[in-house]
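Raw contents of upload.pdb, PDB, C-alpha atoms, pLDDT in the B column:
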ATOM      1  CA  MET A  28       8.290  30.154 -19.476  1.00 71.00           C
ATOM      2  CA  LEU A  29       5.221  27.913 -19.809  1.00 73.00           C
ATOM      3  CA  GLU A  30       4.934  28.742 -23.514  1.00 82.00           C
ATOM      4  CA  LYS A  31       8.599  27.827 -24.023  1.00 86.00           C
ATOM      5  CA  ILE A  32       8.034  24.445 -22.321  1.00 84.00           C
ATOM      6  CA  LYS A  33       4.953  23.796 -24.475  1.00 84.00           C
ATOM      7  CA  GLN A  34       6.894  24.711 -27.611  1.00 88.00           C
ATOM      8  CA  LEU A  35       9.763  22.398 -26.658  1.00 92.00           C
ATOM      9  CA  ASP A  36       7.289  19.614 -25.879  1.00 89.00           C
ATOM     10  CA  GLN A  37       5.694  20.076 -29.294  1.00 89.00           C
ATOM     11  CA  GLU A  38       9.093  20.045 -31.038  1.00 89.00           C
ATOM     12  CA  TRP A  39      10.093  16.811 -29.288  1.00 92.00           C
ATOM     13  CA  PHE A  40       6.742  15.324 -30.195  1.00 92.00           C
ATOM     14  CA  LEU A  41       7.133  16.198 -33.882  1.00 89.00           C
ATOM     15  CA  THR A  42      10.646  14.728 -33.908  1.00 90.00           C
ATOM     16  CA  ILE A  43       9.632  11.429 -32.277  1.00 91.00           C
ATOM     17  CA  ASN A  44       6.373  11.179 -34.195  1.00 89.00           C
ATOM     18  CA  GLY A  45       8.227  11.873 -37.448  1.00 86.00           C
ATOM     19  CA  TYR A  46      10.268   8.657 -37.240  1.00 85.00           C
ATOM     20  CA  HIS A  47       7.777   6.377 -38.942  1.00 85.00           C
ATOM     21  CA  SER A  48       8.295   3.274 -40.993  1.00 87.00           C
ATOM     22  CA  SER A  49       6.148   0.421 -42.202  1.00 88.00           C
ATOM     23  CA  PHE A  50       8.289  -1.867 -40.023  1.00 93.00           C
ATOM     24  CA  TRP A  51       7.825   0.021 -36.729  1.00 93.00           C
ATOM     25  CA  ASP A  52       4.187   1.103 -37.095  1.00 92.00           C
ATOM     26  CA  PRO A  53       2.585  -2.303 -36.307  1.00 94.00           C
ATOM     27  CA  ILE A  54       5.150  -2.971 -33.567  1.00 94.00           C
ATOM     28  CA  MET A  55       4.311   0.312 -31.831  1.00 94.00           C
ATOM     29  CA  VAL A  56       0.581  -0.363 -32.173  1.00 94.00           C
ATOM     30  CA  ALA A  57       1.099  -3.775 -30.533  1.00 95.00           C
ATOM     31  CA  ILE A  58       3.301  -2.377 -27.744  1.00 95.00           C
ATOM     32  CA  SER A  59       0.666   0.234 -26.959  1.00 94.00           C
ATOM     33  CA  ASP A  60      -2.265  -2.210 -27.035  1.00 93.00           C
ATOM     34  CA  ARG A  61      -3.251  -3.441 -23.572  1.00 89.00           C
ATOM     35  CA  LEU A  62      -4.646  -6.692 -25.001  1.00 93.00           C
ATOM     36  CA  PHE A  63      -1.284  -7.547 -26.574  1.00 95.00           C
ATOM     37  CA  TRP A  64       0.220  -7.925 -23.092  1.00 94.00           C
ATOM     38  CA  ILE A  65      -2.433 -10.303 -21.656  1.00 94.00           C
ATOM     39  CA  PRO A  66      -0.375 -13.502 -22.232  1.00 94.00           C
ATOM     40  CA  PHE A  67       2.607 -11.875 -20.513  1.00 92.00           C
ATOM     41  CA  TYR A  68       0.424 -10.757 -17.586  1.00 93.00           C
ATOM     42  CA  LEU A  69      -1.053 -14.242 -17.187  1.00 94.00           C
ATOM     43  CA  ILE A  70       2.377 -15.896 -17.187  1.00 94.00           C
ATOM     44  CA  LEU A  71       3.672 -13.304 -14.717  1.00 91.00           C
ATOM     45  CA  ALA A  72       0.660 -13.768 -12.427  1.00 93.00           C
ATOM     46  CA  ALA A  73       1.061 -17.551 -12.484  1.00 94.00           C
ATOM     47  CA  TYR A  74       4.759 -17.214 -11.667  1.00 92.00           C
ATOM     48  CA  LEU A  75       4.107 -14.802  -8.784  1.00 90.00           C
ATOM     49  CA  ILE A  76       1.501 -17.163  -7.314  1.00 91.00           C
ATOM     50  CA  TYR A  77       3.798 -20.170  -7.728  1.00 92.00           C
ATOM     51  CA  ARG A  78       6.929 -18.473  -6.396  1.00 87.00           C
ATOM     52  CA  HIS A  79       5.536 -16.160  -3.714  1.00 83.00           C
ATOM     53  CA  ARG A  80       2.447 -18.076  -2.583  1.00 84.00           C
ATOM     54  CA  ARG A  81       0.623 -16.052   0.094  1.00 85.00           C
ATOM     55  CA  GLN A  82       2.730 -12.976  -0.482  1.00 86.00           C
ATOM     56  CA  SER A  83       1.331 -12.824  -4.019  1.00 86.00           C
ATOM     57  CA  ILE A  84      -2.055 -11.903  -2.484  1.00 87.00           C
ATOM     58  CA  LEU A  85      -0.570  -8.669  -1.180  1.00 89.00           C
ATOM     59  CA  MET A  86       1.324  -8.151  -4.437  1.00 90.00           C
ATOM     60  CA  PHE A  87      -1.877  -8.349  -6.468  1.00 93.00           C
ATOM     61  CA  LEU A  88      -3.666  -6.104  -3.990  1.00 92.00           C
ATOM     62  CA  ALA A  89      -0.909  -3.467  -4.251  1.00 94.00           C
ATOM     63  CA  ILE A  90      -0.866  -3.702  -8.058  1.00 95.00           C
ATOM     64  CA  GLY A  91      -4.657  -3.457  -8.280  1.00 95.00           C
ATOM     65  CA  LEU A  92      -4.862  -0.451  -5.962  1.00 96.00           C
ATOM     66  CA  ALA A  93      -1.970   1.300  -7.720  1.00 96.00           C
ATOM     67  CA  LEU A  94      -3.634   0.770 -11.108  1.00 96.00           C
ATOM     68  CA  LEU A  95      -6.986   2.021  -9.832  1.00 97.00           C
ATOM     69  CA  ALA A  96      -5.320   5.107  -8.395  1.00 97.00           C
ATOM     70  CA  ALA A  97      -3.105   5.793 -11.436  1.00 96.00           C
ATOM     71  CA  ASP A  98      -5.884   5.356 -13.961  1.00 94.00           C
ATOM     72  CA  GLY A  99      -8.477   7.156 -11.857  1.00 95.00           C
ATOM     73  CA  ILE A 100      -6.304  10.150 -11.021  1.00 96.00           C
ATOM     74  CA  SER A 101      -5.026  10.560 -14.581  1.00 95.00           C
ATOM     75  CA  SER A 102      -8.325   9.995 -16.419  1.00 93.00           C
ATOM     76  CA  ARG A 103     -10.894  11.416 -14.034  1.00 93.00           C
ATOM     77  CA  PHE A 104      -9.070  14.311 -12.432  1.00 94.00           C
ATOM     78  CA  ILE A 105      -5.961  15.474 -14.264  1.00 95.00           C
ATOM     79  CA  LYS A 106      -7.086  15.112 -17.894  1.00 94.00           C
ATOM     80  CA  PRO A 107     -10.364  17.034 -17.420  1.00 93.00           C
ATOM     81  CA  TYR A 108      -8.686  19.652 -15.207  1.00 94.00           C
ATOM     82  CA  PHE A 109      -5.872  20.516 -17.644  1.00 92.00           C
ATOM     83  CA  ALA A 110      -7.970  19.770 -20.765  1.00 88.00           C
ATOM     84  CA  ARG A 111      -4.865  19.609 -22.958  1.00 91.00           C
ATOM     85  CA  LEU A 112      -5.773  18.215 -26.365  1.00 88.00           C
ATOM     86  CA  ARG A 113      -4.018  15.122 -27.586  1.00 91.00           C
ATOM     87  CA  PRO A 114      -1.749  15.896 -30.536  1.00 91.00           C
ATOM     88  CA  CYS A 115      -4.059  13.903 -32.813  1.00 87.00           C
ATOM     89  CA  HIS A 116      -6.979  16.172 -31.802  1.00 87.00           C
ATOM     90  CA  ASP A 117      -4.994  19.414 -32.142  1.00 85.00           C
ATOM     91  CA  ALA A 118      -6.072  21.113 -35.385  1.00 84.00           C
ATOM     92  CA  THR A 119      -2.800  23.079 -35.562  1.00 84.00           C
ATOM     93  CA  LEU A 120      -0.870  19.799 -35.850  1.00 83.00           C
ATOM     94  CA  SER A 121      -3.219  17.826 -38.098  1.00 74.00           C
ATOM     95  CA  GLU A 122      -1.170  18.496 -41.228  1.00 78.00           C
ATOM     96  CA  THR A 123       2.182  17.513 -39.691  1.00 84.00           C
ATOM     97  CA  ILE A 124       1.656  14.418 -37.566  1.00 86.00           C
ATOM     98  CA  ASN A 125       1.417  10.713 -38.272  1.00 83.00           C
ATOM     99  CA  ILE A 126      -1.498   9.033 -36.561  1.00 83.00           C
ATOM    100  CA  VAL A 127      -1.177   5.263 -36.474  1.00 84.00           C
ATOM    101  CA  GLY A 128      -3.967   3.116 -35.073  1.00 77.00           C
ATOM    102  CA  GLY A 129      -6.499   5.718 -33.926  1.00 80.00           C
ATOM    103  CA  CYS A 130      -6.485   8.655 -31.574  1.00 83.00           C
ATOM    104  CA  GLY A 131      -8.240   7.922 -28.289  1.00 81.00           C
ATOM    105  CA  GLY A 132      -9.999  10.370 -25.987  1.00 86.00           C
ATOM    106  CA  LYS A 133      -9.948  14.121 -26.413  1.00 89.00           C
ATOM    107  CA  PHE A 134      -7.435  15.028 -23.698  1.00 91.00           C
ATOM    108  CA  GLY A 135      -3.918  13.713 -23.259  1.00 88.00           C
ATOM    109  CA  PHE A 136      -2.268  15.246 -20.200  1.00 91.00           C
ATOM    110  CA  LEU A 137      -1.310  13.061 -18.511  1.00 91.00           C
ATOM    111  CA  SER A 138      -0.868   9.649 -20.089  1.00 95.00           C
ATOM    112  CA  SER A 139      -2.748   6.875 -18.311  1.00 95.00           C
ATOM    113  CA  HIS A 140      -0.600   4.279 -20.093  1.00 95.00           C
ATOM    114  CA  ALA A 141       2.537   5.866 -18.644  1.00 97.00           C
ATOM    115  CA  ALA A 142       1.021   6.276 -15.176  1.00 97.00           C
ATOM    116  CA  ASN A 143      -0.130   2.649 -15.069  1.00 97.00           C
ATOM    117  CA  THR A 144       3.054   1.066 -16.397  1.00 97.00           C
ATOM    118  CA  PHE A 145       5.421   3.129 -14.269  1.00 98.00           C
ATOM    119  CA  ALA A 146       3.324   2.407 -11.169  1.00 97.00           C
ATOM    120  CA  ILE A 147       3.681  -1.324 -11.860  1.00 96.00           C
ATOM    121  CA  ALA A 148       7.417  -1.033 -12.610  1.00 97.00           C
ATOM    122  CA  MET A 149       8.010   0.885  -9.377  1.00 97.00           C
ATOM    123  CA  LEU A 150       5.978  -1.632  -7.409  1.00 95.00           C
ATOM    124  CA  PHE A 151       8.028  -4.527  -8.761  1.00 95.00           C
ATOM    125  CA  ALA A 152      11.213  -2.639  -7.910  1.00 95.00           C
ATOM    126  CA  LEU A 153      10.032  -2.407  -4.296  1.00 94.00           C
ATOM    127  CA  MET A 154       8.181  -5.703  -3.867  1.00 91.00           C
ATOM    128  CA  LEU A 155      10.585  -8.181  -5.418  1.00 91.00           C
ATOM    129  CA  PRO A 156      13.853  -9.284  -3.794  1.00 89.00           C
ATOM    130  CA  ASP A 157      17.214  -8.176  -5.184  1.00 91.00           C
ATOM    131  CA  ARG A 158      17.718 -11.445  -7.075  1.00 92.00           C
ATOM    132  CA  TYR A 159      15.081 -10.154  -9.541  1.00 92.00           C
ATOM    133  CA  ARG A 160      17.174  -7.121 -10.518  1.00 94.00           C
ATOM    134  CA  TYR A 161      17.069  -7.989 -14.245  1.00 95.00           C
ATOM    135  CA  PHE A 162      13.296  -8.299 -14.157  1.00 94.00           C
ATOM    136  CA  LYS A 163      13.102  -4.953 -12.350  1.00 95.00           C
ATOM    137  CA  ILE A 164      15.199  -3.361 -15.101  1.00 96.00           C
ATOM    138  CA  PHE A 165      12.982  -5.034 -17.713  1.00 96.00           C
ATOM    139  CA  ALA A 166       9.871  -3.607 -15.987  1.00 96.00           C
ATOM    140  CA  PHE A 167      11.166  -0.055 -16.399  1.00 97.00           C
ATOM    141  CA  ILE A 168      12.251  -0.689 -20.012  1.00 97.00           C
ATOM    142  CA  TRP A 169       8.731  -2.030 -20.642  1.00 97.00           C
ATOM    143  CA  ALA A 170       7.205   1.146 -19.143  1.00 97.00           C
ATOM    144  CA  VAL A 171       9.497   3.371 -21.229  1.00 98.00           C
ATOM    145  CA  ALA A 172       8.685   1.397 -24.420  1.00 97.00           C
ATOM    146  CA  ILE A 173       4.939   1.739 -23.884  1.00 97.00           C
ATOM    147  CA  SER A 174       5.308   5.444 -23.093  1.00 97.00           C
ATOM    148  CA  TYR A 175       7.465   6.009 -26.179  1.00 96.00           C
ATOM    149  CA  SER A 176       4.923   4.169 -28.336  1.00 95.00           C
ATOM    150  CA  ARG A 177       2.238   6.638 -27.254  1.00 95.00           C
ATOM    151  CA  VAL A 178       4.260   9.550 -28.641  1.00 94.00           C
ATOM    152  CA  TYR A 179       5.257   7.609 -31.763  1.00 94.00           C
ATOM    153  CA  LEU A 180       1.592   6.827 -32.467  1.00 93.00           C
ATOM    154  CA  GLY A 181       0.629  10.507 -32.238  1.00 91.00           C
ATOM    155  CA  VAL A 182      -1.647  10.253 -29.196  1.00 93.00           C
ATOM    156  CA  HIS A 183       0.524  11.939 -26.540  1.00 94.00           C
ATOM    157  CA  PHE A 184       3.094  14.690 -26.217  1.00 94.00           C
ATOM    158  CA  PRO A 185       6.351  13.753 -24.434  1.00 96.00           C
ATOM    159  CA  GLY A 186       5.227  15.931 -21.507  1.00 95.00           C
ATOM    160  CA  ASP A 187       2.068  13.820 -21.210  1.00 96.00           C
ATOM    161  CA  VAL A 188       4.055  10.620 -20.776  1.00 97.00           C
ATOM    162  CA  LEU A 189       6.603  12.291 -18.506  1.00 97.00           C
ATOM    163  CA  GLY A 190       3.781  13.517 -16.258  1.00 96.00           C
ATOM    164  CA  GLY A 191       2.226  10.050 -16.304  1.00 97.00           C
ATOM    165  CA  ALA A 192       5.574   8.476 -15.420  1.00 98.00           C
ATOM    166  CA  VAL A 193       5.993  10.805 -12.429  1.00 98.00           C
ATOM    167  CA  LEU A 194       2.470  10.051 -11.176  1.00 98.00           C
ATOM    168  CA  GLY A 195       3.034   6.314 -11.650  1.00 98.00           C
ATOM    169  CA  ILE A 196       6.362   6.326  -9.807  1.00 98.00           C
ATOM    170  CA  VAL A 197       4.888   8.282  -6.888  1.00 98.00           C
ATOM    171  CA  LEU A 198       1.927   5.907  -6.633  1.00 98.00           C
ATOM    172  CA  GLY A 199       4.247   2.912  -6.970  1.00 97.00           C
ATOM    173  CA  LEU A 200       6.302   4.248  -4.071  1.00 97.00           C
ATOM    174  CA  ILE A 201       3.188   4.789  -1.930  1.00 96.00           C
ATOM    175  CA  PHE A 202       1.688   1.356  -2.580  1.00 96.00           C
ATOM    176  CA  GLY A 203       5.106  -0.311  -2.381  1.00 94.00           C
ATOM    177  CA  PHE A 204       5.586   1.244   1.057  1.00 93.00           C
ATOM    178  CA  LEU A 205       2.136   0.010   2.136  1.00 91.00           C
ATOM    179  CA  PHE A 206       2.966  -3.463   0.776  1.00 89.00           C
ATOM    180  CA  ARG A 207       6.109  -3.622   2.907  1.00 85.00           C
ATOM    181  CA  LYS A 208       4.257  -2.368   5.995  1.00 85.00           C
ATOM    182  CA  LEU A 209       1.596  -5.042   5.589  1.00 79.00           C
ATOM    183  CA  LEU A 210       4.248  -7.753   5.201  1.00 71.00           C
ATOM    184  CA  VAL A 211       5.871  -6.706   8.469  1.00 67.00           C
ATOM    185  CA  ARG A 212       2.574  -6.493  10.361  1.00 71.00           C
ATOM    186  CA  HIS A 213       1.037  -9.686   8.997  1.00 67.00           C
ATOM    187  CA  PRO A 214       3.531 -12.572   9.028  1.00 67.00           C
ATOM    188  CA  TYR A 215       0.830 -14.833   7.546  1.00 60.00           C
ATOM    189  CA  PHE A 216       1.793 -13.458   4.116  1.00 61.00           C
ATOM    190  CA  THR A 217       5.497 -14.265   4.473  1.00 62.00           C
ATOM    191  CA  ARG A 218       5.093 -18.006   4.971  1.00 56.00           C
TER
END
What does this structure look like when you write it as structure tokens?
Amino acid sequence: MLEKIKQLDQEWFLTINGYHSSFWDPIMVAISDRLFWIPFYLILAAYLIYRHRRQSILMFLAIGLALLAADGISSRFIKPYFARLRPCHDATLSETINIVGGCGGKFGFLSSHAANTFAIAMLFALMLPDRYRYFKIFAFIWAVAISYSRVYLGVHFPGDVLGGAVLGIVLGLIFGFLFRKLLVRHPYFTR
């Protein structure tokens, strides 16, 4: 059963990774690059501070802790434990894959990019009021786009990003729950 899942994962990877074009390659590199998103993060942080004042302190705390947990668990525990090679480091795939923009570390399961972005998307879904529903949808589309770019670029199997997404959502739920508990217990942050 496990071999069948690995084979299916590899087939999906080869299909997604095979859709390359000179138009999409630089776009996917940019989407996957953490530095590309810095202006967006700065604008978002400024808006959260302006709009949510004191509550933004707890928001940033929840986001920071979720990112530390997602990145730490994926990079320091899960990747070394499973030791699954990234597709770009797998010698059996070297002839068939397109690597765009470098390869990254040796192991790929599970994707830290996916874990981090899905943790943030889940946190926004829980922290922000319902009037931000379109932003919440955008946050998940953003997480999916970054995760997809990792497969497109040849650095992760679909199973890597799916595992990262699950970890991120679980951590987002945990830290979102803690965020809500702190808001209830400390009315200072709701003023």
Q. Can you tell me how far CA of Thr119 in chain A sits from CA of Lys33 in chain A, in Å to one decimal?
A.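 Between CA of Thr119 in chain A and CA of Lys33 in chain A the gap is 13.5 Å.
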Hey, what comes out of the PyMOL selection byres ((chain A and resi 180-191) around 7) on this file? Could you write it as a PDB file with C-alpha atoms, in the frame of the given file?
ATOM      1  CA  ASP A  36       7.289  19.614 -25.879  1.00 89.00           C
ATOM      2  CA  GLN A  37       5.694  20.076 -29.294  1.00 89.00           C
ATOM      3  CA  TRP A  39      10.093  16.811 -29.288  1.00 92.00           C
ATOM      4  CA  PHE A  40       6.742  15.324 -30.195  1.00 92.00           C
ATOM      5  CA  ASN A  44       6.373  11.179 -34.195  1.00 89.00           C
ATOM      6  CA  ARG A 113      -4.018  15.122 -27.586  1.00 91.00           C
ATOM      7  CA  PRO A 114      -1.749  15.896 -30.536  1.00 91.00           C
ATOM      8  CA  CYS A 115      -4.059  13.903 -32.813  1.00 87.00           C
ATOM      9  CA  ILE A 124       1.656  14.418 -37.566  1.00 86.00           C
ATOM     10  CA  ASN A 125       1.417  10.713 -38.272  1.00 83.00           C
ATOM     11  CA  ILE A 126      -1.498   9.033 -36.561  1.00 83.00           C
ATOM     12  CA  VAL A 127      -1.177   5.263 -36.474  1.00 84.00           C
ATOM     13  CA  CYS A 130      -6.485   8.655 -31.574  1.00 83.00           C
ATOM     14  CA  GLY A 135      -3.918  13.713 -23.259  1.00 88.00           C
ATOM     15  CA  PHE A 136      -2.268  15.246 -20.200  1.00 91.00           C
ATOM     16  CA  LEU A 137      -1.310  13.061 -18.511  1.00 91.00           C
ATOM     17  CA  SER A 138      -0.868   9.649 -20.089  1.00 95.00           C
ATOM     18  CA  SER A 139      -2.748   6.875 -18.311  1.00 95.00           C
ATOM     19  CA  ALA A 141       2.537   5.866 -18.644  1.00 97.00           C
ATOM     20  CA  ALA A 142       1.021   6.276 -15.176  1.00 97.00           C
ATOM     21  CA  SER A 174       5.308   5.444 -23.093  1.00 97.00           C
ATOM     22  CA  SER A 176       4.923   4.169 -28.336  1.00 95.00           C
ATOM     23  CA  ARG A 177       2.238   6.638 -27.254  1.00 95.00           C
ATOM     24  CA  VAL A 178       4.260   9.550 -28.641  1.00 94.00           C
ATOM     25  CA  TYR A 179       5.257   7.609 -31.763  1.00 94.00           C
ATOM     26  CA  ALA A 192       5.574   8.476 -15.420  1.00 98.00           C
ATOM     27  CA  VAL A 193       5.993  10.805 -12.429  1.00 98.00           C
ATOM     28  CA  LEU A 194       2.470  10.051 -11.176  1.00 98.00           C
ATOM     29  CA  GLY A 195       3.034   6.314 -11.650  1.00 98.00           C
TER      30      GLY A 195
END
The PyMOL selection byres ((chain A and resi 60) around 12) - which residues does that actually catch in the file I just gave you? List them as a PDB file with C-alpha atoms, keeping the file's coordinate frame.
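See expr_10.pdb below for the written result:
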ATOM      1  CA  PRO A  53       2.585  -2.303 -36.307  1.00 94.00           C
ATOM      2  CA  ILE A  54       5.150  -2.971 -33.567  1.00 94.00           C
ATOM      3  CA  MET A  55       4.311   0.312 -31.831  1.00 94.00           C
ATOM      4  CA  VAL A  56       0.581  -0.363 -32.173  1.00 94.00           C
ATOM      5  CA  ALA A  57       1.099  -3.775 -30.533  1.00 95.00           C
ATOM      6  CA  ILE A  58       3.301  -2.377 -27.744  1.00 95.00           C
ATOM      7  CA  SER A  59       0.666   0.234 -26.959  1.00 94.00           C
ATOM      8  CA  ARG A  61      -3.251  -3.441 -23.572  1.00 89.00           C
ATOM      9  CA  LEU A  62      -4.646  -6.692 -25.001  1.00 93.00           C
ATOM     10  CA  PHE A  63      -1.284  -7.547 -26.574  1.00 95.00           C
ATOM     11  CA  TRP A  64       0.220  -7.925 -23.092  1.00 94.00           C
ATOM     12  CA  ILE A  65      -2.433 -10.303 -21.656  1.00 94.00           C
ATOM     13  CA  GLY A 128      -3.967   3.116 -35.073  1.00 77.00           C
ATOM     14  CA  GLY A 129      -6.499   5.718 -33.926  1.00 80.00           C
ATOM     15  CA  GLY A 131      -8.240   7.922 -28.289  1.00 81.00           C
ATOM     16  CA  HIS A 140      -0.600   4.279 -20.093  1.00 95.00           C
ATOM     17  CA  ALA A 172       8.685   1.397 -24.420  1.00 97.00           C
ATOM     18  CA  ILE A 173       4.939   1.739 -23.884  1.00 97.00           C
ATOM     19  CA  SER A 174       5.308   5.444 -23.093  1.00 97.00           C
ATOM     20  CA  SER A 176       4.923   4.169 -28.336  1.00 95.00           C
ATOM     21  CA  ARG A 177       2.238   6.638 -27.254  1.00 95.00           C
ATOM     22  CA  LEU A 180       1.592   6.827 -32.467  1.00 93.00           C
TER      23      LEU A 180
END
**Q.** Explicit residue set for the PyMOL selection byres ((chain A and resi 151-154) around 8), as a list in words
**A.**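 Checked against the file, the PyMOL selection byres ((chain A and resi 151-154) around 8) matches Met86, Ile147, Ala148, Met149, Leu150, Leu155, Pro156, Arg160, Lys163, Ala166, Leu200, Gly203, Phe204, Phe206 and Arg207 of chain A.
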**Q.** Pairwise distance for CA of Ile70 in chain A and CA of Ala170 in chain A, rounded to one decimal in Å
**A.** 17.8 Å
Q: Between CA of His116 in chain A and CA of Ile32 in chain A, measure the distance and give it in Å to one decimal.
A: 19.6 Å
